[in-house]
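Q: First the structure, then my questions, so here it is.
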Amino acid sequence: MSDATDPALAPAPPRADCVADSAGGVTFDIAVVDAAEPVLVLRRRGGSGGPADEARLPLTPAGEGHMRAVLPGTVQLAEGRWDMYLDGRAVQPGIRDLRALVDRVPDGSDGVCVRVPYPTADGRLAVRSWVRRPHAEAGDIVLGDGACTVEGTLYGVRAEPGAMAEARLGGTVHRVPADGAEGAFTFTVPYDALAEPPLAAEQLWQLWLRPGAGAEPVRISRVLDDVWDRKNVFVYPVHQGEGYKAAPCYTTDNDLCVRLTA
């Protein structure tokens with residue numbers, strides 16, 4: 001006779017299909033499972049466990065054998081990674097329909113809110129949330145001789161005379177002028193300006209945009225599509241300088257940087 005703790009007798013883990021919409025909402029469909037409380041729970045990874053770090057989505061019947069929960073775009077979801085649970089059990093990813101997020105152009109009058117459902121490295125379902133008010137969305141990156149030119153779009157703020165781009169490393173800041181018109185921006189970062197010798201270790205220079213003289217800087221990122229982690233997806237050719245190598249890159253949070261290596 002099999003022991004009651006035999007994994008073969010354990011209930012199958014819950015699995016959810018999901019559909020994202022262009023307004024920031026996500027709908028989750030899950031096969032009916034035995035649950036003491038029919039509620040999908042989202043918990044923010046690394047949070048303090050308070051009310052702001054948990055979202056509870058009631059499950060309601062949605063056709064034979066299925067239940068549905070909806071995360072409306074109007075519900076506040078702090079920036080971060082949100083893991084999903086049902087009755088304390090981690091939810092596994094099913095079919096993810098993210099087509100509405102591709103080439104998304106939001107209203108963006110005060111910035112952007114983005115939610116991307118994704119599979120974690122250990123096979124769970126999570127939601128990556130970005131809340132950027134205002135927001136600088138990176139677009140094309142043009143590689144030149146010893147420099148990169150970044151083009152993008154501003155949401156929630158416009159570029160004004162005196163706009164500057166900033167490359168930041170700790171307390172060190174290098175500034176270059178930025179041009180902007182009709183919500184767009186562009187600037188060029190010369191690598192030599194960042195590669196002050198001696199370069200002994202890898203440096204990751206964060207790129208920010210200051211929309212005007214005296215304006216608060218805005219982190220430059222790329223979040224308006226279905227890619228939740230660009231770090232190993234968007235890889236750019238490396239420039240060989242004098243005593244260093246340089247290339248633009250994205251972090252796991254989709255923030256834009258320039259990486260220098262010796």
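Each chain of the structure tokens is named A, B, ... in the order shown, its residues numbered from 1; ligands are numbered from 1 in display order.
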Would you kindly return, as a list in words, each protein, DNA or RNA residue with an atom no farther than 12 Å from any atom of Asp122 (chain A), considering only C-alpha atoms and excluding same-chain residues fewer than 5 positions away?
A: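 Once the nearby chain positions are removed, what remains is Asp83, Ala90, Val91, Gln92 and Pro93 of chain A.
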Q: Identify, with DSSP run on backbone atoms, the residues in region 45-186 of chain A assigned to strand (DSSP E), and express the list as a PyMOL selection string.
A: chain A and resi 54-58+60-61+66-71+80-86+89-90+92-97+112-119+125-132+135-144+147-155+164-169+172-181+184-186
Q: Any idea what's packed within 10 Å of region 160-170 of chain A, counting only C-alpha atoms, ignoring anything in its chain fewer than 2 positions away? Could you give it as a PDB file with N, CA, C and O atoms, in the first residue's frame?
A:
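Output file result10.pdb follows:
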```
ATOM      1  N   VAL A 150      20.912  56.687 -28.548  1.00  0.00           N
ATOM      2  CA  VAL A 150      19.675  56.135 -28.006  1.00  0.00           C
ATOM      3  C   VAL A 150      18.510  57.014 -28.443  1.00  0.00           C
ATOM      4  O   VAL A 150      18.542  58.236 -28.262  1.00  0.00           O
ATOM      5  N   VAL A 157       5.840  63.355 -19.428  1.00  0.00           N
ATOM      6  CA  VAL A 157       6.687  64.541 -19.387  1.00  0.00           C
ATOM      7  C   VAL A 157       7.234  64.761 -20.794  1.00  0.00           C
ATOM      8  O   VAL A 157       7.281  63.825 -21.597  1.00  0.00           O
ATOM      9  N   ARG A 158       7.625  65.978 -21.117  1.00  0.00           N
ATOM     10  CA  ARG A 158       8.185  66.287 -22.434  1.00  0.00           C
ATOM     11  C   ARG A 158       9.586  66.867 -22.284  1.00  0.00           C
ATOM     12  O   ARG A 158       9.897  67.522 -21.292  1.00  0.00           O
ATOM     13  N   THR A 172      29.395  59.055  -9.592  1.00  0.00           N
ATOM     14  CA  THR A 172      29.945  59.699 -10.786  1.00  0.00           C
ATOM     15  C   THR A 172      28.862  59.849 -11.842  1.00  0.00           C
ATOM     16  O   THR A 172      28.133  58.893 -12.129  1.00  0.00           O
ATOM     17  N   VAL A 173      28.755  61.044 -12.432  1.00  0.00           N
ATOM     18  CA  VAL A 173      27.741  61.309 -13.445  1.00  0.00           C
ATOM     19  C   VAL A 173      28.401  61.979 -14.645  1.00  0.00           C
ATOM     20  O   VAL A 173      29.120  62.977 -14.490  1.00  0.00           O
ATOM     21  N   HIS A 174      28.193  61.429 -15.830  1.00  0.00           N
ATOM     22  CA  HIS A 174      28.611  62.057 -17.091  1.00  0.00           C
ATOM     23  C   HIS A 174      27.349  62.503 -17.819  1.00  0.00           C
ATOM     24  O   HIS A 174      26.404  61.729 -17.958  1.00  0.00           O
ATOM     25  N   ARG A 175      27.334  63.736 -18.300  1.00  0.00           N
ATOM     26  CA  ARG A 175      26.149  64.298 -18.956  1.00  0.00           C
ATOM     27  C   ARG A 175      26.458  64.615 -20.417  1.00  0.00           C
ATOM     28  O   ARG A 175      27.543  65.077 -20.750  1.00  0.00           O
ATOM     29  N   VAL A 176      25.456  64.356 -21.277  1.00  0.00           N
ATOM     30  CA  VAL A 176      25.538  64.727 -22.694  1.00  0.00           C
ATOM     31  C   VAL A 176      24.213  65.374 -23.064  1.00  0.00           C
ATOM     32  O   VAL A 176      23.169  65.058 -22.477  1.00  0.00           O
ATOM     33  N   PRO A 177      24.219  66.313 -24.009  1.00  0.00           N
ATOM     34  CA  PRO A 177      22.955  66.964 -24.387  1.00  0.00           C
ATOM     35  C   PRO A 177      21.997  65.991 -25.058  1.00  0.00           C
ATOM     36  O   PRO A 177      22.408  65.043 -25.737  1.00  0.00           O
ATOM     37  N   ALA A 178      20.699  66.226 -24.851  1.00  0.00           N
ATOM     38  CA  ALA A 178      19.644  65.408 -25.461  1.00  0.00           C
ATOM     39  C   ALA A 178      18.719  66.307 -26.258  1.00  0.00           C
ATOM     40  O   ALA A 178      18.438  67.438 -25.852  1.00  0.00           O
ATOM     41  N   ASP A 179      18.261  65.817 -27.392  1.00  0.00           N
ATOM     42  CA  ASP A 179      17.285  66.526 -28.219  1.00  0.00           C
ATOM     43  C   ASP A 179      15.924  65.889 -28.034  1.00  0.00           C
ATOM     44  O   ASP A 179      15.810  64.679 -27.783  1.00  0.00           O
ATOM     45  N   GLY A 180      14.874  66.679 -28.169  1.00  0.00           N
ATOM     46  CA  GLY A 180      13.535  66.134 -28.033  1.00  0.00           C
ATOM     47  C   GLY A 180      12.509  66.958 -28.768  1.00  0.00           C
ATOM     48  O   GLY A 180      12.631  68.179 -28.880  1.00  0.00           O
ATOM     49  N   ALA A 181      11.488  66.268 -29.300  1.00  0.00           N
ATOM     50  CA  ALA A 181      10.386  66.939 -29.985  1.00  0.00           C
ATOM     51  C   ALA A 181       9.204  65.987 -30.039  1.00  0.00           C
ATOM     52  O   ALA A 181       9.370  64.783 -30.307  1.00  0.00           O
ATOM     53  N   GLY A 183       7.411  64.559 -27.825  1.00  0.00           N
ATOM     54  CA  GLY A 183       7.469  63.405 -26.939  1.00  0.00           C
ATOM     55  C   GLY A 183       8.630  62.473 -27.170  1.00  0.00           C
ATOM     56  O   GLY A 183       8.827  61.532 -26.403  1.00  0.00           O
ATOM     57  N   PHE A 185      12.881  61.609 -27.778  1.00  0.00           N
ATOM     58  CA  PHE A 185      14.187  62.090 -27.335  1.00  0.00           C
ATOM     59  C   PHE A 185      15.283  61.297 -28.030  1.00  0.00           C
ATOM     60  O   PHE A 185      15.064  60.167 -28.494  1.00  0.00           O
ATOM     61  N   THR A 186      16.460  61.885 -28.101  1.00  0.00           N
ATOM     62  CA  THR A 186      17.626  61.204 -28.655  1.00  0.00           C
ATOM     63  C   THR A 186      18.886  61.822 -28.074  1.00  0.00           C
ATOM     64  O   THR A 186      18.917  63.029 -27.789  1.00  0.00           O
ATOM     65  N   PHE A 187      19.904  60.988 -27.878  1.00  0.00           N
ATOM     66  CA  PHE A 187      21.198  61.472 -27.386  1.00  0.00           C
ATOM     67  C   PHE A 187      22.262  60.446 -27.750  1.00  0.00           C
ATOM     68  O   PHE A 187      21.952  59.290 -28.063  1.00  0.00           O
ATOM     69  N   THR A 188      23.505  60.865 -27.701  1.00  0.00           N
ATOM     70  CA  THR A 188      24.635  60.005 -28.039  1.00  0.00           C
ATOM     71  C   THR A 188      25.611  59.952 -26.866  1.00  0.00           C
ATOM     72  O   THR A 188      25.984  60.991 -26.318  1.00  0.00           O
ATOM     73  N   VAL A 189      25.994  58.741 -26.487  1.00  0.00           N
ATOM     74  CA  VAL A 189      26.946  58.530 -25.400  1.00  0.00           C
ATOM     75  C   VAL A 189      28.283  58.081 -25.991  1.00  0.00           C
ATOM     76  O   VAL A 189      28.366  56.990 -26.555  1.00  0.00           O
ATOM     77  N   ALA A 193      34.287  58.775 -22.886  1.00  0.00           N
ATOM     78  CA  ALA A 193      34.008  59.641 -21.750  1.00  0.00           C
ATOM     79  C   ALA A 193      33.758  58.840 -20.473  1.00  0.00           C
ATOM     80  O   ALA A 193      33.948  59.345 -19.362  1.00  0.00           O
ATOM     81  N   LEU A 194      33.326  57.584 -20.627  1.00  0.00           N
ATOM     82  CA  LEU A 194      33.039  56.742 -19.467  1.00  0.00           C
ATOM     83  C   LEU A 194      34.238  55.897 -19.047  1.00  0.00           C
ATOM     84  O   LEU A 194      34.350  55.522 -17.872  1.00  0.00           O
ATOM     85  N   GLN A 203      32.082  47.679 -15.270  1.00  0.00           N
ATOM     86  CA  GLN A 203      31.297  48.828 -14.833  1.00  0.00           C
ATOM     87  C   GLN A 203      29.969  48.832 -15.583  1.00  0.00           C
ATOM     88  O   GLN A 203      29.945  48.601 -16.790  1.00  0.00           O
ATOM     89  N   LEU A 204      28.897  49.112 -14.857  1.00  0.00           N
ATOM     90  CA  LEU A 204      27.571  49.153 -15.448  1.00  0.00           C
ATOM     91  C   LEU A 204      27.014  50.561 -15.231  1.00  0.00           C
ATOM     92  O   LEU A 204      26.556  50.906 -14.142  1.00  0.00           O
ATOM     93  N   TRP A 205      27.080  51.379 -16.290  1.00  0.00           N
ATOM     94  CA  TRP A 205      26.644  52.769 -16.217  1.00  0.00           C
ATOM     95  C   TRP A 205      25.145  52.852 -16.510  1.00  0.00           C
ATOM     96  O   TRP A 205      24.690  52.482 -17.594  1.00  0.00           O
ATOM     97  N   GLN A 206      24.377  53.331 -15.547  1.00  0.00           N
ATOM     98  CA  GLN A 206      22.930  53.484 -15.725  1.00  0.00           C
ATOM     99  C   GLN A 206      22.649  54.735 -16.558  1.00  0.00           C
ATOM    100  O   GLN A 206      23.280  55.775 -16.363  1.00  0.00           O
ATOM    101  N   LEU A 207      21.678  54.627 -17.478  1.00  0.00           N
ATOM    102  CA  LEU A 207      21.319  55.753 -18.335  1.00  0.00           C
ATOM    103  C   LEU A 207      20.000  56.377 -17.868  1.00  0.00           C
ATOM    104  O   LEU A 207      18.999  55.679 -17.693  1.00  0.00           O
ATOM    105  N   TRP A 208      20.040  57.681 -17.661  1.00  0.00           N
ATOM    106  CA  TRP A 208      18.893  58.468 -17.213  1.00  0.00           C
ATOM    107  C   TRP A 208      18.693  59.626 -18.171  1.00  0.00           C
ATOM    108  O   TRP A 208      19.627  60.037 -18.872  1.00  0.00           O
ATOM    109  N   LEU A 209      17.480  60.185 -18.174  1.00  0.00           N
ATOM    110  CA  LEU A 209      17.181  61.360 -18.980  1.00  0.00           C
ATOM    111  C   LEU A 209      16.629  62.449 -18.063  1.00  0.00           C
ATOM    112  O   LEU A 209      15.666  62.221 -17.326  1.00  0.00           O
ATOM    113  N   ARG A 210      17.265  63.607 -18.114  1.00  0.00           N
ATOM    114  CA  ARG A 210      16.752  64.777 -17.389  1.00  0.00           C
ATOM    115  C   ARG A 210      16.035  65.636 -18.422  1.00  0.00           C
ATOM    116  O   ARG A 210      16.680  66.267 -19.272  1.00  0.00           O
ATOM    117  N   PRO A 211      14.683  65.653 -18.415  1.00  0.00           N
ATOM    118  CA  PRO A 211      13.916  66.258 -19.521  1.00  0.00           C
ATOM    119  C   PRO A 211      14.153  67.743 -19.729  1.00  0.00           C
ATOM    120  O   PRO A 211      13.893  68.256 -20.815  1.00  0.00           O
ATOM    121  N   GLY A 212      14.622  68.452 -18.715  1.00  0.00           N
ATOM    122  CA  GLY A 212      14.864  69.885 -18.856  1.00  0.00           C
ATOM    123  C   GLY A 212      15.728  70.379 -17.718  1.00  0.00           C
ATOM    124  O   GLY A 212      15.958  69.651 -16.731  1.00  0.00           O
ATOM    125  N   ALA A 213      16.218  71.594 -17.838  1.00  0.00           N
ATOM    126  CA  ALA A 213      17.045  72.162 -16.777  1.00  0.00           C
ATOM    127  C   ALA A 213      16.245  72.217 -15.476  1.00  0.00           C
ATOM    128  O   ALA A 213      15.147  72.761 -15.428  1.00  0.00           O
ATOM    129  N   GLY A 214      16.777  71.604 -14.431  1.00  0.00           N
ATOM    130  CA  GLY A 214      16.092  71.583 -13.153  1.00  0.00           C
ATOM    131  C   GLY A 214      15.055  70.499 -12.992  1.00  0.00           C
ATOM    132  O   GLY A 214      14.495  70.342 -11.908  1.00  0.00           O
ATOM    133  N   ALA A 215      14.778  69.729 -14.049  1.00  0.00           N
ATOM    134  CA  ALA A 215      13.786  68.653 -13.971  1.00  0.00           C
ATOM    135  C   ALA A 215      14.386  67.423 -13.280  1.00  0.00           C
ATOM    136  O   ALA A 215      15.606  67.222 -13.281  1.00  0.00           O
ATOM    137  N   PRO A 217      15.452  63.600 -12.939  1.00  0.00           N
ATOM    138  CA  PRO A 217      15.869  62.610 -13.933  1.00  0.00           C
ATOM    139  C   PRO A 217      14.906  61.427 -13.993  1.00  0.00           C
ATOM    140  O   PRO A 217      14.268  61.071 -12.998  1.00  0.00           O
ATOM    141  N   VAL A 218      14.805  60.809 -15.173  1.00  0.00           N
ATOM    142  CA  VAL A 218      13.911  59.669 -15.416  1.00  0.00           C
ATOM    143  C   VAL A 218      14.759  58.507 -15.906  1.00  0.00           C
ATOM    144  O   VAL A 218      15.552  58.660 -16.843  1.00  0.00           O
ATOM    145  N   ARG A 219      14.600  57.346 -15.277  1.00  0.00           N
ATOM    146  CA  ARG A 219      15.351  56.154 -15.691  1.00  0.00           C
ATOM    147  C   ARG A 219      14.894  55.714 -17.069  1.00  0.00           C
ATOM    148  O   ARG A 219      13.683  55.654 -17.357  1.00  0.00           O
ATOM    149  N   ILE A 220      15.850  55.399 -17.944  1.00  0.00           N
ATOM    150  CA  ILE A 220      15.534  54.949 -19.298  1.00  0.00           C
ATOM    151  C   ILE A 220      15.431  53.426 -19.303  1.00  0.00           C
ATOM    152  O   ILE A 220      16.354  52.719 -18.902  1.00  0.00           O
ATOM    153  N   CYS A 257      21.571  50.355 -19.827  1.00  0.00           N
ATOM    154  CA  CYS A 257      22.886  50.699 -19.274  1.00  0.00           C
ATOM    155  C   CYS A 257      23.919  50.653 -20.399  1.00  0.00           C
ATOM    156  O   CYS A 257      23.637  50.214 -21.512  1.00  0.00           O
ATOM    157  N   VAL A 258      25.131  51.097 -20.066  1.00  0.00           N
ATOM    158  CA  VAL A 258      26.305  50.855 -20.889  1.00  0.00           C
ATOM    159  C   VAL A 258      27.282  50.035 -20.037  1.00  0.00           C
ATOM    160  O   VAL A 258      27.629  50.456 -18.926  1.00  0.00           O
TER     161      VAL A 258
END
```
Q: Between A:Glu182, A:Asp29, A:Glu202, A:Asp53, which has the minimum distance to Ala78 (chain A) (counting only C-alpha atoms)?
A: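 Once distances to Ala78 (chain A) are computed over only C-alpha atoms, the minimum belongs to A:Asp53.
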Q: Rank nothing, just name the residue among A:Ala184, A:Tyr155, A:Thr251, A:Pro38 nearest to Asp140 (chain A), using only C-alpha atoms.
A: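 Smallest separation from Asp140 (chain A) among the options: A:Ala184.
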Q: If you measure from CA of Arg259 (chain A) to CA of Val238 (chain A), what distance in Å do you get, rounded to one decimal?
A: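 It comes out at 9.3 Å.
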Q: With the cut-off set at 12 Å and counting only C-alpha atoms, tabulate each residue of region 51-119 of chain A with an atom at most that distance from an atom of region 123-128 of chain A, showing the nearest atom pair and its distance in Å to one decimal, ordered by chain and increasing number, as CSV.
A:
```
residue,atom,partner,partner_atom,distance
A:Ala55,CA,A:Val127,CA,11.5
A:Leu71,CA,A:Val127,CA,10.5
A:Leu77,CA,A:Arg128,CA,9.8
A:Ala78,CA,A:Arg128,CA,9.8
A:Glu79,CA,A:Arg128,CA,7.7
A:Gly80,CA,A:Arg128,CA,5.9
A:Arg81,CA,A:Arg128,CA,4.6
A:Trp82,CA,A:Val127,CA,5.0
A:Asp83,CA,A:Ala126,CA,4.4
A:Met84,CA,A:Ala126,CA,5.7
A:Tyr85,CA,A:Leu125,CA,8.7
A:Leu86,CA,A:Leu125,CA,11.3
A:Arg89,CA,A:Arg124,CA,10.1
A:Ala90,CA,A:Arg124,CA,6.4
A:Val91,CA,A:Leu125,CA,5.7
A:Gln92,CA,A:Arg124,CA,4.6
A:Pro93,CA,A:Leu125,CA,4.8
A:Gly94,CA,A:Leu125,CA,8.4
A:Ile95,CA,A:Leu125,CA,10.7
A:Arg96,CA,A:Leu125,CA,10.0
A:Cys113,CA,A:Arg128,CA,10.6
A:Val114,CA,A:Arg128,CA,7.9
A:Arg115,CA,A:Arg128,CA,5.5
A:Val116,CA,A:Arg128,CA,5.1
A:Pro117,CA,A:Val127,CA,4.2
A:Tyr118,CA,A:Ala126,CA,5.5
A:Pro119,CA,A:Leu125,CA,4.9
```
